[in-house]
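**Student:** Sharing data07.json below, JSON, C-alpha atoms:
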```json
[["chain", "number", "residue", "atom", "x", "y", "z"],
["A", 841, "MET", "CA", 112.62, -53.84, 206.55],
["A", 842, "GLU", "CA", 108.91, -54.51, 206.93],
["A", 843, "ILE", "CA", 106.24, -54.64, 209.64],
["A", 844, "LYS", "CA", 103.16, -56.88, 209.54],
["A", 845, "GLY", "CA", 99.72, -55.34, 209.18],
["A", 846, "THR", "CA", 98.64, -56.65, 212.59],
["A", 847, "ALA", "CA", 101.31, -54.46, 214.24],
["A", 848, "VAL", "CA", 100.29, -51.48, 212.09],
["A", 849, "ILE", "CA", 96.66, -51.96, 213.12],
["A", 850, "ALA", "CA", 97.71, -51.98, 216.79],
["A", 851, "ILE", "CA", 99.31, -48.53, 216.38],
["A", 852, "ARG", "CA", 96.13, -47.17, 214.78],
["A", 853, "ASP", "CA", 93.83, -48.83, 217.29],
["A", 854, "TYR", "CA", 95.84, -47.62, 220.28],
["A", 855, "ILE", "CA", 95.12, -44.04, 219.27],
["A", 856, "LYS", "CA", 91.53, -44.69, 218.13],
["A", 857, "LEU", "CA", 90.57, -46.46, 221.35],
["A", 858, "ASN", "CA", 92.58, -44.48, 223.91],
["A", 859, "HIS", "CA", 92.77, -40.99, 222.36],
["A", 860, "LYS", "CA", 89.89, -40.83, 219.89],
["A", 861, "GLU", "CA", 89.73, -37.03, 220.11],
["A", 862, "LEU", "CA", 93.33, -36.76, 218.83],
["A", 863, "TYR", "CA", 93.13, -39.36, 216.06],
["A", 864, "ASP", "CA", 92.57, -36.86, 213.22],
["A", 865, "LYS", "CA", 95.34, -34.59, 214.54],
["A", 866, "TRP", "CA", 97.69, -37.60, 214.57],
["A", 867, "ILE", "CA", 96.79, -38.54, 210.96],
["A", 868, "GLU", "CA", 97.37, -34.93, 209.86],
["A", 869, "SER", "CA", 100.82, -34.93, 211.51],
["A", 870, "LEU", "CA", 102.00, -37.88, 209.41],
["A", 871, "PRO", "CA", 103.92, -37.40, 206.17],
["A", 872, "GLN", "CA", 102.00, -38.37, 203.04],
["A", 873, "GLU", "CA", 103.66, -41.81, 202.72],
["A", 874, "SER", "CA", 102.48, -42.72, 206.23],
["A", 875, "SER", "CA", 99.09, -41.02, 206.28],
["A", 876, "GLY", "CA", 98.16, -42.73, 203.03],
["A", 877, "LEU", "CA", 98.68, -46.11, 204.67],
["A", 878, "TYR", "CA", 96.51, -45.22, 207.66],
["A", 879, "LYS", "CA", 93.74, -43.55, 205.67],
["A", 880, "ASN", "CA", 93.17, -46.79, 203.74],
["A", 881, "ALA", "CA", 92.15, -50.19, 205.05],
["A", 882, "ILE", "CA", 95.10, -51.93, 206.65],
["A", 883, "ASP", "CA", 95.37, -55.61, 205.77],
["A", 884, "SER", "CA", 96.49, -57.61, 208.82],
["A", 885, "THR", "CA", 98.17, -60.19, 206.57],
["A", 886, "LYS", "CA", 100.12, -57.72, 204.42],
["A", 887, "TRP", "CA", 103.67, -56.43, 204.99],
["A", 888, "TYR", "CA", 104.30, -52.66, 205.12],
["A", 889, "PRO", "CA", 107.52, -50.57, 205.09],
["A", 890, "LEU", "CA", 108.78, -50.33, 208.68],
["A", 891, "LYS", "CA", 109.73, -46.67, 208.57],
["A", 892, "GLU", "CA", 106.51, -45.36, 207.00],
["A", 893, "ALA", "CA", 104.08, -47.73, 208.74],
["A", 894, "GLY", "CA", 105.79, -48.28, 212.11],
["A", 895, "ILE", "CA", 108.57, -45.90, 213.09],
["A", 896, "ILE", "CA", 107.21, -42.55, 211.89],
["A", 897, "PRO", "CA", 103.59, -43.16, 213.04],
["A", 898, "THR", "CA", 104.79, -44.32, 216.46],
["A", 899, "LYS", "CA", 107.04, -41.29, 216.88],
["A", 900, "LYS", "CA", 104.27, -38.91, 215.83],
["A", 901, "ALA", "CA", 101.85, -40.57, 218.26],
["A", 902, "VAL", "CA", 104.39, -40.33, 221.08],
["A", 903, "ASP", "CA", 105.08, -36.67, 220.25],
["A", 904, "LEU", "CA", 101.36, -35.95, 220.48],
["A", 905, "LEU", "CA", 100.35, -38.19, 223.40],
["A", 906, "PHE", "CA", 103.48, -38.53, 225.56],
["A", 907, "GLN", "CA", 105.30, -35.21, 225.02],
["A", 908, "SER", "CA", 108.02, -36.99, 222.99],
["A", 909, "ASP", "CA", 108.86, -39.48, 225.77],
["A", 910, "TYR", "CA", 109.68, -42.21, 223.24],
["A", 911, "GLU", "CA", 110.45, -44.89, 225.79],
["A", 912, "LYS", "CA", 107.23, -44.43, 227.76],
["A", 913, "GLY", "CA", 104.94, -43.98, 224.77],
["A", 914, "SER", "CA", 106.37, -46.79, 222.66],
["A", 915, "TRP", "CA", 106.36, -49.10, 225.68],
["A", 916, "GLU", "CA", 102.67, -48.35, 226.33],
["A", 917, "MET", "CA", 101.81, -48.97, 222.70],
["A", 918, "GLY", "CA", 103.63, -52.31, 222.85],
["A", 919, "ARG", "CA", 101.69, -53.27, 225.98],
["A", 920, "PHE", "CA", 98.46, -52.41, 224.18],
["A", 921, "SER", "CA", 99.49, -54.52, 221.20],
["A", 922, "ALA", "CA", 100.09, -57.54, 223.46],
["A", 923, "GLU", "CA", 96.75, -57.03, 225.18],
["A", 924, "MET", "CA", 95.04, -57.01, 221.78],
["A", 925, "ALA", "CA", 97.00, -60.01, 220.47],
["A", 926, "LEU", "CA", 96.61, -62.13, 223.59],
["A", 927, "THR", "CA", 92.84, -62.16, 223.89],
["A", 928, "GLY", "CA", 90.35, -65.00, 223.94],
["A", 929, "ILE", "CA", 91.84, -68.47, 223.81],
["A", 930, "TYR", "CA", 95.36, -67.03, 223.60],
["A", 931, "LYS", "CA", 94.92, -65.23, 226.93],
["A", 932, "ILE", "CA", 93.86, -68.47, 228.60],
["A", 933, "PHE", "CA", 96.96, -70.19, 227.17],
["A", 934, "VAL", "CA", 99.24, -67.37, 228.35],
["A", 935, "LYS", "CA", 97.76, -67.39, 231.86],
["A", 936, "ALA", "CA", 98.26, -71.15, 232.10],
["A", 937, "SER", "CA", 101.92, -71.02, 231.02],
["A", 938, "SER", "CA", 105.04, -69.97, 232.88],
["A", 939, "PRO", "CA", 106.47, -66.51, 232.13],
["A", 940, "GLY", "CA", 109.71, -67.97, 230.74],
["A", 941, "TYR", "CA", 107.83, -70.29, 228.42],
["A", 942, "ILE", "CA", 105.68, -67.41, 227.15],
["A", 943, "VAL", "CA", 108.70, -65.28, 226.27],
["A", 944, "GLN", "CA", 110.42, -68.25, 224.67],
["A", 945, "ARG", "CA", 107.34, -68.83, 222.48],
["A", 946, "ALA", "CA", 107.09, -65.09, 221.75],
["A", 947, "SER", "CA", 110.63, -65.18, 220.40],
["A", 948, "ARG", "CA", 109.46, -67.69, 217.78],
["A", 949, "VAL", "CA", 106.48, -65.51, 216.84],
["A", 950, "PHE", "CA", 108.58, -62.35, 216.56],
["A", 951, "ALA", "CA", 109.40, -62.91, 212.88],
["A", 952, "THR", "CA", 105.68, -62.83, 212.11],
["A", 953, "TYR", "CA", 105.69, -59.10, 213.03],
["A", 954, "TYR", "CA", 108.98, -57.88, 211.55],
["A", 955, "GLN", "CA", 111.00, -59.07, 208.55],
["A", 956, "PRO", "CA", 113.78, -59.74, 208.05],
["A", 957, "CYS", "CA", 114.79, -60.44, 211.62],
["A", 958, "LYS", "CA", 115.38, -63.18, 214.11],
["A", 959, "MET", "CA", 114.91, -63.34, 217.89],
["A", 960, "GLU", "CA", 116.71, -66.01, 219.87],
["A", 961, "VAL", "CA", 116.67, -66.97, 223.53],
["A", 962, "ARG", "CA", 120.23, -66.81, 224.87],
["A", 963, "LYS", "CA", 119.44, -67.64, 228.51],
["A", 964, "ASN", "CA", 116.26, -68.81, 230.21],
["A", 965, "THR", "CA", 115.82, -69.52, 233.94],
["A", 966, "ASP", "CA", 112.85, -69.42, 236.30],
["A", 967, "LYS", "CA", 113.00, -65.66, 236.81],
["A", 968, "ASN", "CA", 114.94, -64.23, 233.88],
["A", 969, "ILE", "CA", 115.53, -64.51, 230.20],
["A", 970, "SER", "CA", 117.98, -63.00, 227.77],
["A", 971, "LEU", "CA", 116.80, -62.38, 224.20],
["A", 972, "GLU", "CA", 118.82, -61.36, 221.19],
["A", 973, "ILE", "CA", 117.43, -59.77, 218.04],
["A", 974, "SER", "CA", 119.54, -60.03, 214.89],
["A", 975, "ASP", "CA", 119.23, -59.70, 211.13],
["A", 976, "MET", "CA", 117.25, -56.44, 211.37],
["A", 977, "THR", "CA", 118.30, -54.22, 208.50],
["A", 978, "GLU", "CA", 116.61, -51.19, 210.07],
["A", 979, "SER", "CA", 115.62, -50.36, 213.62],
["A", 980, "ASP", "CA", 114.77, -47.49, 215.90],
["A", 981, "SER", "CA", 114.48, -47.20, 219.66],
["A", 982, "VAL", "CA", 110.69, -46.84, 219.38],
["A", 983, "ILE", "CA", 110.52, -50.33, 217.85],
["A", 984, "GLU", "CA", 112.76, -51.80, 220.55],
["A", 985, "TYR", "CA", 110.72, -50.16, 223.34],
["A", 986, "ARG", "CA", 107.51, -51.34, 221.70],
["A", 987, "ILE", "CA", 108.82, -54.92, 221.65],
["A", 988, "CYS", "CA", 109.70, -54.62, 225.35],
["A", 989, "GLY", "CA", 106.24, -53.31, 226.20],
["A", 990, "TRP", "CA", 104.73, -56.27, 224.36],
["A", 991, "ILE", "CA", 106.95, -58.74, 226.24],
["A", 992, "GLU", "CA", 106.26, -57.07, 229.59],
["A", 993, "LYS", "CA", 102.47, -57.28, 229.12],
["A", 994, "ALA", "CA", 102.70, -60.93, 228.02],
["A", 995, "LEU", "CA", 104.78, -61.69, 231.13],
["A", 996, "GLU", "CA", 102.26, -59.94, 233.37],
["A", 997, "ILE", "CA", 99.36, -61.87, 231.83],
["A", 998, "SER", "CA", 101.27, -65.09, 232.61],
["A", 999, "GLY", "CA", 101.65, -64.05, 236.26],
["A", 1000, "ALA", "CA", 105.04, -62.31, 236.36],
["A", 1001, "LYS", "CA", 105.41, -59.24, 238.57],
["A", 1002, "ASN", "CA", 107.97, -56.44, 238.82],
["A", 1003, "CYS", "CA", 109.54, -56.98, 235.41],
["A", 1004, "THR", "CA", 112.83, -55.20, 234.79],
["A", 1005, "PHE", "CA", 114.61, -54.78, 231.46],
["A", 1006, "ARG", "CA", 118.24, -54.09, 230.63],
["A", 1007, "PHE", "CA", 119.51, -53.27, 227.14],
["A", 1008, "PRO", "CA", 123.22, -54.14, 226.94],
["A", 1009, "LYS", "CA", 123.10, -53.90, 223.14],
["A", 1010, "SER", "CA", 120.89, -52.09, 220.64],
["A", 1011, "ILE", "CA", 120.75, -52.16, 216.85],
["A", 1012, "ALA", "CA", 119.15, -48.70, 217.04],
["A", 1013, "LYS", "CA", 122.31, -47.47, 218.80],
["A", 1014, "GLY", "CA", 124.70, -49.06, 216.32],
["A", 1015, "ASP", "CA", 125.29, -52.54, 217.75],
["A", 1016, "GLU", "CA", 125.01, -55.61, 215.51],
["A", 1017, "VAL", "CA", 122.27, -57.07, 217.71],
["A", 1018, "THR", "CA", 119.72, -55.92, 220.25],
["A", 1019, "GLN", "CA", 119.84, -57.73, 223.57],
["A", 1020, "PHE", "CA", 117.12, -57.64, 226.22],
["A", 1021, "ASP", "CA", 117.87, -59.04, 229.66],
["A", 1022, "ILE", "CA", 114.58, -59.42, 231.50],
["A", 1023, "THR", "CA", 113.96, -60.42, 235.13],
["A", 1024, "TRP", "CA", 110.72, -60.79, 237.06],
["A", 1025, "GLU", "CA", 109.26, -62.08, 240.31]]
```
In structure tokens, how does this file's structure come out?
**Tutor:**
Amino acid sequence: MEIKGTAVIAIRDYIKLNHKELYDKWIESLPQESSGLYKNAIDSTKWYPLKEAGIIPTKKAVDLLFQSDYEKGSWEMGRFSAEMALTGIYKIFVKASSPGYIVQRASRVFATYYQPCKMEVRKNTDKNISLEISDMTESDSVIEYRICGWIEKALEISGAKNCTFRFPKSIAKGDEVTQFDITWE
């Protein structure tokens, strides 16, 4: 399983921009396979191993910055990633679109961040959407929470308020698919 360089850069930049004083401590906490990736230039177009470039660095960051609250920390890092990705002309597009349309489009873009995997819209109405992730050969709750944080921030940029998420199924917990049921006002 692999993660795109743009998502790896977002992990690094979250810490560099929001917790600069702890960046070196975070790098030192990483195992050699992970720290080596982050000590070198990260290519936004390249694919990296999910565990070494995404899961472990996210967990170490959450341990350091959020007292091991993996849901809260991963979610915040996902929100940051969306904020970074949806800037400039993209932010204008997101603000002009409906929340449901944004999440539907995001499901198509999902495979550009993780491979192999697929995200499909199972239900889409004015105020809720159900998404299903499949074909992931490896996952962890920090990745699922990060995806939710990204979706939540994209929804907020498009005008949604009071987003709520339910997780009836999770690959990280042994299910064949991950399902997100999202509602908003």
**Student:** Please measure the separation of atom CA of A:Ser979 and atom CA of A:Lys865, giving the value in Å to one decimal.
**Tutor:**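 Straight-line distance from atom CA of A:Ser979 to atom CA of A:Lys865 works out to 25.7 Å.
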**Student:** Counting only C-alpha atoms, figure out which residue out of A:Trp990, A:Tyr985, A:Tyr888, A:Phe1007 gets nearest to A:Ser921.
**Tutor:**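 For A:Ser921, the nearest of the candidates is A:Trp990.
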**Student:** Excluding stretch 960-975 of chain A and its own-chain neighbours fewer than 4 positions away, which residues fall within 10 Å of it when counting only C-alpha atoms? Please give them as a ChimeraX atom specification.
**Tutor:** /A:841,938-941,943-948,950,955-956,984,1000,1003-1007,1009-1011,1015-1025
**Student:** Could you please determine the separation between atom CA of A:Ala901 and atom CA of A:Ser869 in Å, to one decimal place?
**Tutor:**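 Between atom CA of A:Ala901 and atom CA of A:Ser869 the gap is 8.9 Å.
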**Student:** Using all atoms listed in the file, which of A:Pro871, A:Gly999, A:Gly913, A:Gly876 sits nearest A:Val982?
**Tutor:**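 Distance minimum relative to A:Val982 lands on A:Gly913.
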**Student:** For atom CA of A:Lys879 and atom CA of A:Ile987, determine how far apart the two atoms are, in Å to one decimal place.
**Tutor:**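 Taking atom CA of A:Lys879 as the start and atom CA of A:Ile987 as the end point, the length is 24.7 Å.
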**Student:** At most 7 Å is the cut-off: for each residue in stretch 880-925 of chain A with any atom that close to an atom of stretch 991-998 of chain A, write down the nearest atom pair and the distance in Å rounded to one decimal, counting only C-alpha atoms, chain first then increasing number, as a Markdown table.
**Tutor:**
```
| residue | atom | partner | partner_atom | distance |
| --- | --- | --- | --- | --- |
| A:Arg919 | CA | A:Lys993 | CA | 5.2 |
| A:Ala922 | CA | A:Lys993 | CA | 6.1 |
| A:Glu923 | CA | A:Lys993 | CA | 7.0 |
```
**Student:** Let me have the centre and edge lengths of the axis-aligned box enclosing all listed atoms of stretch 861-865 of chain A with 4 Å padding on every side, in Å to one decimal, as lines of an AutoDock Vina configuration file.
**Tutor:**
```
center_x = 92.5
center_y = -37.0
center_z = 216.7
size_x = 13.6
size_y = 12.8
size_z = 14.9
```
